[in-house]
file entry_29.cif (mmCIF, C-alpha atoms and all ligand atoms)
data_protein
loop_
_atom_site.label_atom_id
_atom_site.label_comp_id
_atom_site.auth_asym_id
_atom_site.auth_seq_id
_atom_site.Cartn_x
_atom_site.Cartn_y
_atom_site.Cartn_z
CA SER X 67 -10.89 20.52 -10.62
CA GLU X 68 -10.42 16.79 -10.66
CA SER X 69 -9.81 16.42 -14.37
CA THR X 70 -6.73 18.62 -14.53
CA VAL X 71 -4.58 16.87 -11.93
CA PRO X 72 -2.10 14.22 -13.11
CA THR X 73 -3.66 10.77 -13.46
CA VAL X 74 -2.48 7.65 -11.66
CA VAL X 75 -2.13 4.00 -12.55
CA GLY X 76 -4.80 1.76 -11.04
CA ALA X 77 -7.50 4.43 -10.80
CA ARG X 78 -10.05 2.02 -12.29
CA LEU X 79 -9.24 -1.09 -10.27
CA THR X 80 -12.25 -2.98 -9.01
CA VAL X 81 -12.27 -5.17 -5.90
CA PRO X 82 -14.68 -7.88 -4.68
CA LEU X 83 -16.82 -7.29 -1.58
CA LEU X 84 -18.07 -9.86 0.93
CA ASP X 85 -21.63 -9.54 -0.34
CA GLY X 86 -20.54 -10.62 -3.81
CA ARG X 87 -20.59 -7.18 -5.45
CA LYS X 88 -17.57 -5.65 -7.16
CA VAL X 89 -16.79 -1.96 -6.67
CA GLY X 90 -14.16 0.52 -7.76
CA TYR X 91 -11.24 0.42 -5.34
CA ALA X 92 -11.16 3.49 -3.11
CA ASN X 93 -7.49 3.86 -2.21
CA LEU X 94 -7.42 6.21 0.75
CA ASP X 95 -3.90 5.30 1.81
CA HIS X 96 -1.80 7.75 -0.19
CA ALA X 97 0.24 8.70 2.88
CA ALA X 98 1.69 5.19 3.07
CA SER X 99 2.54 4.94 -0.63
CA ALA X 100 0.99 6.88 -3.48
CA PRO X 101 -0.01 5.12 -6.70
CA CYS X 102 2.31 5.56 -9.66
CA LEU X 103 1.56 8.44 -12.05
CA ASP X 104 0.64 7.48 -15.61
CA ALA X 105 3.42 9.82 -16.74
CA VAL X 106 5.92 7.91 -14.58
CA ARG X 107 4.76 4.55 -15.90
CA ASP X 108 5.24 5.82 -19.48
CA ALA X 109 8.69 7.22 -18.72
CA VAL X 110 9.81 3.97 -17.11
CA ASP X 111 8.46 2.03 -20.06
CA GLU X 112 10.53 4.19 -22.38
CA LEU X 113 13.72 3.78 -20.36
CA LEU X 114 13.53 0.03 -19.73
CA PRO X 115 14.91 -1.03 -23.16
CA TRP X 116 17.99 1.06 -22.33
CA TYR X 117 18.52 -0.62 -18.99
CA ALA X 118 22.29 -0.54 -18.38
CA SER X 119 24.81 0.21 -15.69
CA VAL X 120 25.42 3.86 -14.91
CA HIS X 121 28.95 5.33 -14.99
CA ARG X 122 30.81 2.14 -15.74
CA GLY X 123 29.83 1.09 -19.22
CA ALA X 124 31.04 2.70 -22.42
CA GLY X 125 28.20 1.35 -24.54
CA PHE X 126 25.43 3.55 -25.84
CA ALA X 127 22.83 2.22 -23.37
CA SER X 128 25.20 3.00 -20.49
CA GLN X 129 25.64 6.49 -21.83
CA VAL X 130 21.87 6.94 -21.99
CA CYS X 131 21.42 5.72 -18.42
CA THR X 132 24.30 7.84 -17.13
CA ARG X 133 22.74 10.90 -18.73
CA VAL X 134 19.30 10.08 -17.33
CA TYR X 135 20.79 9.59 -13.87
CA GLY X 136 22.58 12.94 -13.99
CA GLN X 137 19.48 14.72 -15.25
CA ALA X 138 17.51 13.25 -12.37
CA ARG X 139 19.91 14.95 -9.94
CA ASP X 140 19.27 18.29 -11.63
CA THR X 141 15.52 17.71 -11.50
CA LEU X 142 15.62 16.93 -7.78
CA ARG X 143 17.76 20.00 -7.19
CA ARG X 144 15.16 22.15 -8.95
CA PHE X 145 12.26 20.37 -7.25
CA VAL X 146 13.39 21.51 -3.81
CA GLY X 147 14.96 24.80 -4.90
CA ALA X 148 18.40 23.68 -3.71
CA ARG X 149 21.46 25.93 -3.58
CA ALA X 150 24.06 25.42 -6.30
CA THR X 151 26.49 23.99 -3.73
CA ASP X 152 24.01 21.48 -2.28
CA ALA X 153 24.59 17.77 -2.79
CA VAL X 154 21.82 15.56 -4.18
CA VAL X 155 22.42 12.04 -2.88
CA PHE X 156 20.11 9.30 -4.11
CA THR X 157 19.02 6.86 -1.44
CA ARG X 158 16.35 4.19 -1.08
CA ASN X 159 13.84 6.35 0.79
CA THR X 160 13.44 8.90 3.59
CA THR X 161 14.53 6.40 6.23
CA ASP X 162 17.73 5.73 4.32
CA SER X 163 18.37 9.45 3.82
CA LEU X 164 18.01 10.24 7.53
CA ASN X 165 20.21 7.33 8.55
CA LEU X 166 22.85 8.53 6.10
CA LEU X 167 22.76 12.03 7.54
CA ALA X 168 22.91 10.65 11.09
CA ARG X 169 26.11 8.78 10.16
CA ALA X 170 27.63 11.88 8.60
CA LEU X 171 27.23 14.22 11.59
CA PRO X 172 30.49 15.70 12.88
CA LYS X 173 31.60 14.30 16.25
CA GLY X 174 29.78 15.92 19.15
CA THR X 175 26.84 17.25 17.15
CA SER X 176 23.84 18.09 19.32
CA VAL X 177 20.56 16.89 17.82
CA VAL X 178 17.24 18.46 18.80
CA LEU X 179 13.89 17.06 17.75
CA PHE X 180 10.24 16.90 18.74
CA ASP X 181 9.04 13.60 20.15
CA THR X 182 6.11 13.23 17.74
CA GLU X 183 8.39 12.46 14.81
CA HIS X 184 7.95 9.45 12.54
CA HIS X 185 10.31 6.69 13.68
CA ALA X 186 12.50 7.31 10.63
CA ALA X 187 13.25 10.78 12.00
CA LEU X 188 13.05 9.91 15.70
CA LEU X 189 15.42 6.97 15.93
CA PRO X 190 18.62 7.38 13.84
CA TRP X 191 20.23 9.86 16.27
CA ARG X 192 22.20 8.29 19.08
CA GLY X 193 24.18 9.39 22.07
CA PRO X 194 23.96 11.79 24.98
CA ARG X 195 23.62 14.87 22.82
CA VAL X 196 20.14 14.04 21.55
CA GLN X 197 17.41 16.21 23.05
CA ARG X 198 13.76 15.26 22.55
CA ILE X 199 11.23 18.02 23.10
CA GLU X 200 7.72 17.04 24.15
CA THR X 201 5.58 18.44 21.34
CA PRO X 202 3.38 21.21 22.76
CA ALA X 203 -0.35 21.36 22.04
CA ASN X 204 -0.18 24.42 19.80
CA ALA X 205 2.06 25.39 16.93
CA ASP X 206 3.16 28.73 18.38
CA ALA X 207 4.48 27.01 21.48
CA THR X 208 6.78 24.82 19.35
CA ILE X 209 8.82 27.90 18.52
CA ALA X 210 9.44 28.82 22.16
CA ALA X 211 10.11 25.15 22.99
CA LEU X 212 12.76 24.88 20.29
CA ASP X 213 14.36 28.10 21.43
CA THR X 214 14.59 26.79 25.01
CA ALA X 215 16.03 23.46 23.87
CA LEU X 216 18.68 25.10 21.71
CA ARG X 217 19.71 27.40 24.56
CA ALA X 218 20.51 24.29 26.58
CA CYS X 219 22.75 22.82 23.83
CA PRO X 220 26.47 22.60 24.52
CA VAL X 221 28.90 24.40 22.20
CA GLY X 222 29.51 22.58 18.93
CA PRO X 223 27.60 21.64 15.79
CA ARG X 224 23.82 21.44 16.13
CA LEU X 225 21.12 19.84 14.06
CA VAL X 226 17.36 20.32 14.37
CA VAL X 227 15.21 17.55 12.91
CA LEU X 228 11.82 18.79 11.73
CA THR X 229 8.84 17.13 10.10
CA ALA X 230 7.26 19.21 7.38
CA ALA X 231 3.82 17.56 7.62
CA SER X 232 2.74 14.93 10.13
CA ASN X 233 2.01 11.48 8.74
CA VAL X 234 -0.53 11.00 11.54
CA THR X 235 -2.54 14.21 11.42
CA GLY X 236 -1.47 15.85 8.16
CA GLU X 237 -0.74 19.06 10.03
CA VAL X 238 1.93 21.27 8.50
CA TRP X 239 4.54 22.49 10.96
CA PRO X 240 5.62 26.15 11.12
CA ILE X 241 8.82 25.24 9.32
CA ALA X 242 10.15 28.67 8.32
CA GLU X 243 9.57 30.04 11.83
CA LEU X 244 11.29 27.07 13.46
CA ALA X 245 14.17 27.28 10.99
CA LYS X 246 14.61 30.93 11.94
CA VAL X 247 14.99 29.93 15.60
CA ALA X 248 17.50 27.26 14.62
CA ARG X 249 19.51 29.78 12.62
CA ARG X 250 19.60 32.15 15.56
CA HIS X 251 21.32 29.42 17.55
CA GLY X 252 23.67 28.42 14.74
CA ALA X 253 21.89 25.09 14.22
CA ARG X 254 21.31 23.34 10.93
CA VAL X 255 17.88 21.98 10.03
CA VAL X 256 16.95 18.77 8.29
CA LEU X 257 13.40 18.73 6.98
CA ASP X 258 11.57 15.42 6.69
CA ALA X 259 9.46 16.26 3.65
CA ALA X 260 8.14 12.72 3.08
CA GLN X 261 4.54 13.84 3.65
CA LEU X 262 4.65 17.44 2.49
CA ALA X 263 6.49 17.04 -0.81
CA PRO X 264 3.66 15.08 -2.51
CA HIS X 265 1.21 17.90 -1.75
CA ARG X 266 3.07 21.21 -2.00
CA PRO X 267 6.31 22.75 -3.19
CA VAL X 268 9.13 22.47 -0.65
CA ASP X 269 11.80 25.11 -1.13
CA ILE X 270 15.09 24.75 0.73
CA ARG X 271 16.03 28.37 0.25
CA ALA X 272 12.63 29.93 0.97
CA LEU X 273 12.32 27.86 4.15
CA ASP X 274 16.01 28.39 4.93
CA VAL X 275 16.68 24.79 5.88
CA ASP X 276 19.88 22.83 5.28
CA TYR X 277 18.68 19.40 4.21
CA VAL X 278 15.53 17.95 2.72
CA VAL X 279 14.75 14.23 2.65
CA LEU X 280 11.98 12.53 0.69
CA SER X 281 10.73 9.22 -0.72
CA GLY X 282 9.76 8.45 -4.31
CA HIS X 283 6.98 6.04 -3.37
CA LYS X 284 5.10 8.83 -1.60
CA LEU X 285 5.62 11.08 -4.62
CA TYR X 286 3.75 8.86 -7.08
CA ALA X 287 6.81 6.92 -8.24
CA PRO X 288 7.51 3.24 -7.52
CA TYR X 289 9.50 2.03 -4.51
CA GLY X 290 13.24 2.08 -4.10
CA ALA X 291 14.35 5.65 -4.75
CA GLY X 292 14.59 8.62 -2.40
CA ALA X 293 16.93 11.52 -1.84
CA LEU X 294 18.92 13.51 0.66
CA ILE X 295 19.51 17.02 -0.64
CA GLY X 296 21.53 19.65 1.18
CA ARG X 297 24.83 21.03 2.45
CA SER X 298 27.71 18.98 1.15
CA ASP X 299 30.45 19.74 3.73
CA TRP X 300 29.45 17.25 6.45
CA LEU X 301 28.67 14.62 3.83
CA GLN X 302 32.03 15.20 2.19
CA ALA X 303 33.93 14.88 5.49
CA ALA X 304 32.14 11.67 6.49
CA GLU X 305 33.14 8.09 5.78
CA PRO X 306 31.04 6.57 2.98
CA TYR X 307 27.61 5.38 4.13
CA LEU X 308 28.24 2.07 2.38
CA VAL X 309 31.61 0.95 1.06
CA GLY X 310 32.08 -0.67 -2.30
CA GLY X 311 32.24 0.18 -5.98
CA GLY X 312 31.23 3.70 -6.89
CA ALA X 313 32.37 5.10 -3.52
CA THR X 314 36.02 4.29 -4.25
CA ARG X 315 38.42 6.38 -6.33
CA GLN X 316 41.33 3.98 -5.95
CA VAL X 317 42.26 0.82 -4.05
CA VAL X 318 45.93 -0.11 -3.56
CA ASP X 319 47.35 -3.23 -1.91
CA TRP X 320 49.91 -2.15 0.70
CA GLY X 321 50.59 -5.71 1.82
CA ASP X 322 49.31 -5.49 5.39
CA HIS X 323 46.31 -3.36 4.47
CA LEU X 324 44.41 -1.89 1.56
CA GLY X 325 44.82 1.78 0.80
CA VAL X 326 41.49 3.21 -0.26
CA SER X 327 40.62 6.70 -1.38
CA TRP X 328 36.94 7.59 -1.55
CA THR X 329 35.08 9.54 -4.20
CA ALA X 330 33.51 12.91 -3.46
CA VAL X 331 29.79 13.44 -2.74
CA PRO X 332 27.34 12.44 -4.06
CA GLU X 333 28.99 9.21 -5.35
CA ARG X 334 30.78 8.83 -1.99
CA HIS X 335 27.45 7.81 -0.42
CA GLU X 336 26.00 5.90 -3.36
CA ALA X 337 28.15 2.75 -3.41
CA GLY X 338 26.86 -0.12 -5.52
CA SER X 339 25.09 -0.06 -8.88
CA PRO X 340 22.60 2.79 -8.68
CA ASN X 341 18.85 2.46 -9.13
CA VAL X 342 18.69 4.32 -12.43
CA VAL X 343 15.10 3.37 -13.27
CA GLY X 344 13.86 4.25 -9.79
CA VAL X 345 15.68 7.56 -9.79
CA HIS X 346 14.33 8.41 -13.25
CA ALA X 347 10.81 7.55 -12.06
CA LEU X 348 11.26 9.81 -9.03
CA ALA X 349 12.52 12.67 -11.20
CA VAL X 350 9.64 12.36 -13.68
CA ALA X 351 7.18 12.35 -10.79
CA CYS X 352 8.77 15.53 -9.37
CA GLU X 353 8.71 17.19 -12.77
CA THR X 354 5.06 16.26 -13.34
CA LEU X 355 3.89 17.44 -9.92
CA SER X 356 5.77 20.71 -10.14
CA GLN X 357 3.87 21.63 -13.30
CA CYS X 358 0.49 21.65 -11.56
CA TRP X 359 0.76 22.52 -7.89
CA ASP X 360 -2.23 24.86 -8.00
CA ASP X 361 -4.52 22.17 -9.41
CA ILE X 362 -3.20 19.59 -6.97
CA ALA X 363 -3.77 21.92 -4.02
CA ALA X 364 -7.29 22.78 -5.16
CA HIS X 365 -8.21 19.12 -5.69
CA GLU X 366 -6.93 18.10 -2.28
CA ARG X 367 -8.38 21.10 -0.45
CA THR X 368 -11.88 20.35 -1.75
CA LEU X 369 -11.69 16.68 -0.86
CA LEU X 370 -10.15 17.30 2.56
CA ARG X 371 -12.90 19.76 3.47
CA ARG X 372 -15.51 17.21 2.39
CA LEU X 373 -13.82 14.48 4.40
CA ARG X 374 -13.41 16.51 7.58
CA GLN X 375 -16.98 17.77 7.41
CA GLY X 376 -18.27 14.24 6.86
CA LEU X 377 -16.25 12.80 9.75
CA ALA X 378 -17.34 15.61 12.07
CA GLY X 379 -20.94 14.43 11.74
CA ILE X 380 -20.27 10.88 12.98
CA PRO X 381 -21.09 10.32 16.67
CA GLY X 382 -18.17 8.85 18.66
CA LEU X 383 -15.57 9.56 15.97
CA ARG X 384 -12.57 11.53 17.27
CA VAL X 385 -10.15 13.14 14.85
CA LEU X 386 -6.54 13.24 16.09
CA GLU X 387 -4.83 16.61 16.04
CA LEU X 388 -1.47 17.86 17.23
CA PHE X 389 -2.27 21.55 17.13
CA GLY X 390 -6.02 21.80 16.52
CA PRO X 391 -8.53 22.25 13.71
CA ALA X 392 -7.25 25.66 12.60
CA GLN X 393 -3.77 24.33 11.74
CA ASP X 394 -2.73 24.24 8.08
CA ARG X 395 -2.82 20.63 6.85
CA VAL X 396 -2.47 18.23 3.94
CA GLY X 397 -4.95 15.46 3.10
CA VAL X 398 -4.23 13.07 5.95
CA VAL X 399 -6.78 12.40 8.72
CA SER X 400 -6.40 9.91 11.57
CA PHE X 401 -9.28 9.10 13.86
CA SER X 402 -10.65 6.71 16.39
CA VAL X 403 -14.25 5.52 16.77
CA ASP X 404 -15.46 4.88 20.33
CA GLY X 405 -15.86 1.21 21.04
CA LEU X 406 -14.49 0.11 17.66
CA ASP X 407 -11.09 -1.47 17.24
CA ALA X 408 -9.04 0.32 14.57
CA GLY X 409 -7.97 -2.95 12.93
CA LEU X 410 -11.56 -4.13 12.76
CA THR X 411 -12.68 -0.80 11.31
CA ALA X 412 -10.03 -1.01 8.59
CA ALA X 413 -10.93 -4.64 7.85
CA VAL X 414 -14.63 -3.80 7.49
CA LEU X 415 -13.89 -0.80 5.27
CA SER X 416 -11.94 -3.08 2.98
CA ALA X 417 -14.13 -6.18 2.96
CA GLU X 418 -17.55 -4.52 2.92
CA HIS X 419 -16.85 -1.24 1.12
CA GLY X 420 -13.73 -1.65 -1.04
CA ILE X 421 -11.90 1.13 0.81
CA GLY X 422 -8.17 0.91 1.59
CA VAL X 423 -7.03 2.75 4.73
CA ARG X 424 -4.28 2.14 7.26
CA ASP X 425 -4.71 1.31 10.93
CA GLY X 426 -2.27 1.20 13.82
CA ALA X 427 0.20 3.74 15.11
CA PHE X 428 1.72 4.70 11.72
CA CYS X 429 5.42 4.28 12.67
CA ALA X 430 4.90 7.21 15.04
CA HIS X 431 4.02 5.40 18.25
CA LEU X 432 4.70 8.28 20.59
CA ALA X 433 2.64 10.70 18.53
CA THR X 434 -0.32 8.36 17.97
CA ARG X 435 -0.53 7.26 21.60
CA ARG X 436 -0.31 10.81 22.89
CA LEU X 437 -2.97 12.05 20.48
CA LEU X 438 -5.34 9.19 21.25
CA ASP X 439 -4.95 9.96 24.96
CA ARG X 440 -5.47 13.65 24.42
CA SER X 441 -8.61 13.08 22.36
CA GLY X 442 -10.21 10.95 25.08
CA ALA X 443 -10.35 7.92 22.76
CA ASP X 444 -11.03 4.48 24.26
CA GLN X 445 -8.68 2.84 21.69
CA GLN X 446 -4.92 2.25 21.54
CA ARG X 447 -4.72 2.42 17.78
CA ALA X 448 -6.15 4.71 15.13
CA VAL X 449 -7.41 4.59 11.53
CA ARG X 450 -5.86 6.84 8.91
CA ALA X 451 -7.46 8.00 5.66
CA SER X 452 -5.17 9.87 3.31
CA LEU X 453 -6.04 11.65 0.10
CA GLY X 454 -4.09 12.16 -3.08
CA LEU X 455 -4.30 12.39 -6.82
CA GLY X 456 -6.19 9.10 -7.10
CA SER X 457 -8.90 10.25 -4.68
CA THR X 458 -12.41 11.31 -5.69
CA ALA X 459 -15.44 12.79 -3.96
CA GLU X 460 -17.13 9.41 -4.33
CA HIS X 461 -14.29 7.74 -2.35
CA VAL X 462 -14.69 10.29 0.42
CA ASP X 463 -18.48 9.96 0.51
CA ARG X 464 -18.23 6.18 0.54
CA LEU X 465 -15.83 6.30 3.50
CA VAL X 466 -18.01 8.68 5.47
CA ALA X 467 -21.18 6.63 4.81
CA ALA X 468 -19.39 3.39 5.71
CA LEU X 469 -18.07 4.83 8.98
CA ARG X 470 -21.45 6.27 9.88
CA SER X 471 -23.14 2.89 9.43
CA LEU X 472 -20.29 1.07 11.19
CA ALA X 473 -20.40 3.44 14.18
CA ALA X 474 -24.18 3.06 14.44
CA ASP X 475 -24.75 -0.63 13.66
CA GLY X 476 -21.36 -2.38 13.67
CA PRO X 477 -20.10 -4.66 10.87
CA ALA X 478 -22.57 -6.44 8.58
CA PHE X 479 -20.53 -9.67 8.79
CA THR X 480 -18.81 -11.47 11.66
CA TYR X 481 -15.04 -11.05 12.04
CA THR X 482 -12.51 -12.94 14.11
CA GLN X 483 -8.92 -12.10 14.96
CA VAL X 484 -6.29 -14.34 13.39
CA ASP X 485 -2.65 -13.56 14.18
CA GLY X 486 -3.62 -10.05 15.17
CA ARG X 487 -5.60 -9.36 11.97
CA TRP X 488 -9.37 -9.21 11.63
CA VAL X 489 -10.80 -11.59 9.04
CA PRO X 490 -14.43 -12.08 8.05
N1 LIG O 501 8.79 10.48 7.56
C1 LIG O 501 7.47 10.58 7.43
C2 LIG O 501 6.77 11.83 7.90
C3 LIG O 501 6.76 9.54 6.83
O1 LIG O 501 5.44 9.63 6.69
C4 LIG O 501 7.45 8.39 6.38
C5 LIG O 501 6.72 7.22 5.76
N2 LIG O 501 5.58 6.83 6.45
C6 LIG O 501 8.83 8.34 6.56
C7 LIG O 501 9.46 9.39 7.14
C8 LIG O 501 9.63 7.16 6.12
O2 LIG O 501 9.54 7.02 4.75
P1 LIG O 501 10.09 5.70 4.03
O3 LIG O 501 9.31 4.58 4.62
O4 LIG O 501 9.78 5.92 2.61
O5 LIG O 501 11.53 5.62 4.34
#
call {"tool": "encode", "arguments": {"input": "entry_29.cif", "output": "structure tokens"}}
result
Amino acid sequence: SESTVPTVVGARLTVPLLDGRKVGYANLDHAASAPCLDAVRDAVDELLPWYASVHRGAGFASQVCTRVYGQARDTLRRFVGARATDAVVFTRNTTDSLNLLARALPKGTSVVLFDTEHHAALLPWRGPRVQRIETPANADATIAALDTALRACPVGPRLVVLTAASNVTGEVWPIAELAKVARRHGARVVLDAAQLAPHRPVDIRALDVDYVVLSGHKLYAPYGAGALIGRSDWLQAAEPYLVGGGATRQVVDWGDHLGVSWTAVPERHEAGSPNVVGVHALAVACETLSQCWDDIAAHERTLLRRLRQGLAGIPGLRVLELFGPAQDRVGVVSFSVDGLDAGLTAAVLSAEHGIGVRDGAFCAHLATRRLLDRSGADQQRAVRASLGLGSTAEHVDRLVAALRSLAADGPAFTYTQVDGRWVP
């Protein structure tokens, strides 16, 4: 039920509408960034007076922060069920984590991925040994497609890049089954859990994957902290992701050059003063979520059913799907309305109804374009509504009613496009 899920900051914000009314803000954009948990806000508040540099200071505040930072690593390790030998490297976000891993791949690693990935997972891999699989139209076929792609890989290290849940459609991929195929071919798997981790437990060992990446701002913590968790050997053998303090064990002046020895993982890839407050916020968010997964799942399941049923009754509204309506999914729905520009739809939802959604191609251009085409939409861009802990049945009903009236009668006010954005 709604009352037992963790509460979020900003749940009672009100926003002005064009007709002069004020309404409660319906944030239906959790997939972009989730609001901060009240528990996280309180934890940050408690830590801020102790703000001090991690590792380097001997003072009491530095000791507190160093301890908090270390505990956050343990929390993240537990949160994803990591193996004892796995490294937990703190990064800025999922994008940062995937770029770090891409830099740490052994020479000649073959990388296999599906082409509907978020750009953060699609783009960091370079070179001739990157194989992009056209995502098939049903989940079972992804398993055969991955098997075929891995058969074609040359000898050498292999990495499969997998999204846990799509940021466009919310669909959950058959991760364990795909990981099994990867294992059969001696490939490692990195799981982009940016969209799944806020909704469900992600367990490295149960799924039998090698790396998990995630972002704090999608997990109900503020911006600036994320993690790469997984096998330490490649990370240990790689040059530091950034060079500077923290990544160096010793620097010696040899006259014509500097002799530098690097620290071991995780510090090796965390050069610079670490984001202790952000990392603490991320860890508290993980801890809070992991205490109530059942309630979170029940809350989201009820709202998602309500949303999908509501949208299904709107003439001309097409829901985008990779694998179809029967696929397991989290609370993310993208859609297109015939004859209505996605940017205009989003602008009207905001200005006339106090609803925040996202429009565009969601940093997954290949996926969004393909799905719009497949759905028979007459638009190039889509609208995305995404549910989370701040969402209520009233938000969902308001969205459905607003879309129904918009699809039938158009906007109540006149909008013009200024620099690509619709303004009333
Ligand atoms: N992967 C997926 C599936 C995502 O949804 C996102 C964020 N939209 C990212 C990666 C990138 O996350 P971040 O912007 O936090 O780096």
call {"tool": "atom_distance", "arguments": {"input": "entry_29.cif", "atom1": "CA of Ala170 in chain X", "atom2": "CA of Ala153 in chain X"}}
result
13.2 Å
call {"tool": "residues_near_ligand", "arguments": {"input": "entry_29.cif", "ligand": "ligand LIG 501 (chain O)", "cutoff": "7 Å", "atoms": "only C-alpha atoms and all ligand atoms", "output": "number ranges by chain"}}
result
X: 97-98, 159-162, 184, 186-187, 229, 231-233, 258-261, 281, 283-284, 428-429
call {"tool": "residues_near_point", "arguments": {"input": "entry_29.cif", "point": "(14.3, 21.9, -7.0)", "cutoff": "12 Å", "atoms": "all atoms listed in the file", "output": "number ranges by chain"}}
result
X: 138-150, 152-154, 263, 267-272, 278, 293, 295-296, 349, 352-353, 355-356
call {"tool": "closest_residue", "arguments": {"input": "entry_29.cif", "among": "X:Ser402, X:Gln445, X:Gln316, X:Ser298", "to": "Thr151 in chain X", "atoms": "only C-alpha atoms"}}
result
X:Ser298
call {"tool": "residues_around", "arguments": {"input": "entry_29.cif", "residues": "His96 in chain X", "least_positions_apart": "5", "cutoff": "9 Å", "atoms": "all atoms listed in the file", "output": "VMD selection string"}}
result
chain X and resid 101 284 286 397 to 398 423 451 to 457
call {"tool": "atom_distance", "arguments": {"input": "entry_29.cif", "atom1": "CA of Tyr289 in chain X", "atom2": "CA of Gly344 in chain X"}}
result
7.2 Å
call {"tool": "atom_distance", "arguments": {"input": "entry_29.cif", "atom1": "CA of Thr411 in chain X", "atom2": "CA of Gly90 in chain X"}}
result
19.2 Å
call {"tool": "residues_around", "arguments": {"input": "entry_29.cif", "residues": "Val350 in chain X", "least_positions_apart": "4", "cutoff": "7 Å", "atoms": "all atoms listed in the file", "output": "list in words"}}
result
Val106, His346 and Thr354 of chain X
call {"tool": "residues_around", "arguments": {"input": "entry_29.cif", "residues": "range 213-215 of chain X", "least_positions_apart": "6", "cutoff": "12 Å", "atoms": "all atoms listed in the file", "output": "PDB file with C-alpha atoms, keeping the file's coordinate frame"}}
result
ATOM      1  CA  SER X 176      23.840  18.090  19.320  1.00  0.00           C
ATOM      2  CA  VAL X 177      20.560  16.890  17.820  1.00  0.00           C
ATOM      3  CA  VAL X 178      17.240  18.460  18.800  1.00  0.00           C
ATOM      4  CA  LEU X 179      13.890  17.060  17.750  1.00  0.00           C
ATOM      5  CA  PHE X 180      10.240  16.900  18.740  1.00  0.00           C
ATOM      6  CA  ARG X 195      23.620  14.870  22.820  1.00  0.00           C
ATOM      7  CA  VAL X 196      20.140  14.040  21.550  1.00  0.00           C
ATOM      8  CA  GLN X 197      17.410  16.210  23.050  1.00  0.00           C
ATOM      9  CA  ARG X 198      13.760  15.260  22.550  1.00  0.00           C
ATOM     10  CA  ILE X 199      11.230  18.020  23.100  1.00  0.00           C
ATOM     11  CA  GLU X 200       7.720  17.040  24.150  1.00  0.00           C
ATOM     12  CA  THR X 201       5.580  18.440  21.340  1.00  0.00           C
ATOM     13  CA  ASP X 206       3.160  28.730  18.380  1.00  0.00           C
ATOM     14  CA  ALA X 207       4.480  27.010  21.480  1.00  0.00           C
ATOM     15  CA  ARG X 224      23.820  21.440  16.130  1.00  0.00           C
ATOM     16  CA  LEU X 225      21.120  19.840  14.060  1.00  0.00           C
ATOM     17  CA  VAL X 226      17.360  20.320  14.370  1.00  0.00           C
ATOM     18  CA  GLU X 243       9.570  30.040  11.830  1.00  0.00           C
ATOM     19  CA  LEU X 244      11.290  27.070  13.460  1.00  0.00           C
ATOM     20  CA  ALA X 245      14.170  27.280  10.990  1.00  0.00           C
ATOM     21  CA  LYS X 246      14.610  30.930  11.940  1.00  0.00           C
ATOM     22  CA  VAL X 247      14.990  29.930  15.600  1.00  0.00           C
ATOM     23  CA  ALA X 248      17.500  27.260  14.620  1.00  0.00           C
ATOM     24  CA  ARG X 249      19.510  29.780  12.620  1.00  0.00           C
ATOM     25  CA  ARG X 250      19.600  32.150  15.560  1.00  0.00           C
ATOM     26  CA  HIS X 251      21.320  29.420  17.550  1.00  0.00           C
ATOM     27  CA  GLY X 252      23.670  28.420  14.740  1.00  0.00           C
ATOM     28  CA  ALA X 253      21.890  25.090  14.220  1.00  0.00           C
TER      29      ALA X 253
END
call {"tool": "closest_residue", "arguments": {"input": "entry_29.cif", "among": "X:Gly486, X:Gly376, X:Pro223, X:Gly442", "to": "Gly426 in chain X", "atoms": "only C-alpha atoms"}}
result
X:Gly486
call {"tool": "build_atoms", "arguments": {"input": "entry_29.cif", "residues": "range 399-406 of chain X", "atoms": "N, CA and C atoms", "output": "PDB file, keeping the file's coordinate frame"}}
result
ATOM      1  N   VAL X 399      -5.952  12.290   7.518  1.00  0.00           N
ATOM      2  CA  VAL X 399      -6.780  12.400   8.720  1.00  0.00           C
ATOM      3  C   VAL X 399      -6.734  11.071   9.462  1.00  0.00           C
ATOM      4  N   SER X 400      -6.332  11.111  10.740  1.00  0.00           N
ATOM      5  CA  SER X 400      -6.400   9.910  11.570  1.00  0.00           C
ATOM      6  C   SER X 400      -7.496  10.099  12.598  1.00  0.00           C
ATOM      7  N   PHE X 401      -8.142   8.996  12.938  1.00  0.00           N
ATOM      8  CA  PHE X 401      -9.280   9.100  13.860  1.00  0.00           C
ATOM      9  C   PHE X 401      -9.474   7.796  14.605  1.00  0.00           C
ATOM     10  N   SER X 402     -10.295   7.890  15.625  1.00  0.00           N
ATOM     11  CA  SER X 402     -10.650   6.710  16.390  1.00  0.00           C
ATOM     12  C   SER X 402     -12.161   6.745  16.579  1.00  0.00           C
ATOM     13  N   VAL X 403     -12.798   5.576  16.566  1.00  0.00           N
ATOM     14  CA  VAL X 403     -14.250   5.520  16.770  1.00  0.00           C
ATOM     15  C   VAL X 403     -14.485   4.812  18.102  1.00  0.00           C
ATOM     16  N   ASP X 404     -15.229   5.455  18.994  1.00  0.00           N
ATOM     17  CA  ASP X 404     -15.460   4.880  20.330  1.00  0.00           C
ATOM     18  C   ASP X 404     -16.000   3.467  20.233  1.00  0.00           C
ATOM     19  N   GLY X 405     -15.366   2.580  20.964  1.00  0.00           N
ATOM     20  CA  GLY X 405     -15.860   1.210  21.040  1.00  0.00           C
ATOM     21  C   GLY X 405     -15.513   0.339  19.846  1.00  0.00           C
ATOM     22  N   LEU X 406     -14.813   0.891  18.875  1.00  0.00           N
ATOM     23  CA  LEU X 406     -14.490   0.110  17.660  1.00  0.00           C
ATOM     24  C   LEU X 406     -12.987  -0.026  17.505  1.00  0.00           C
TER      25      LEU X 406
END
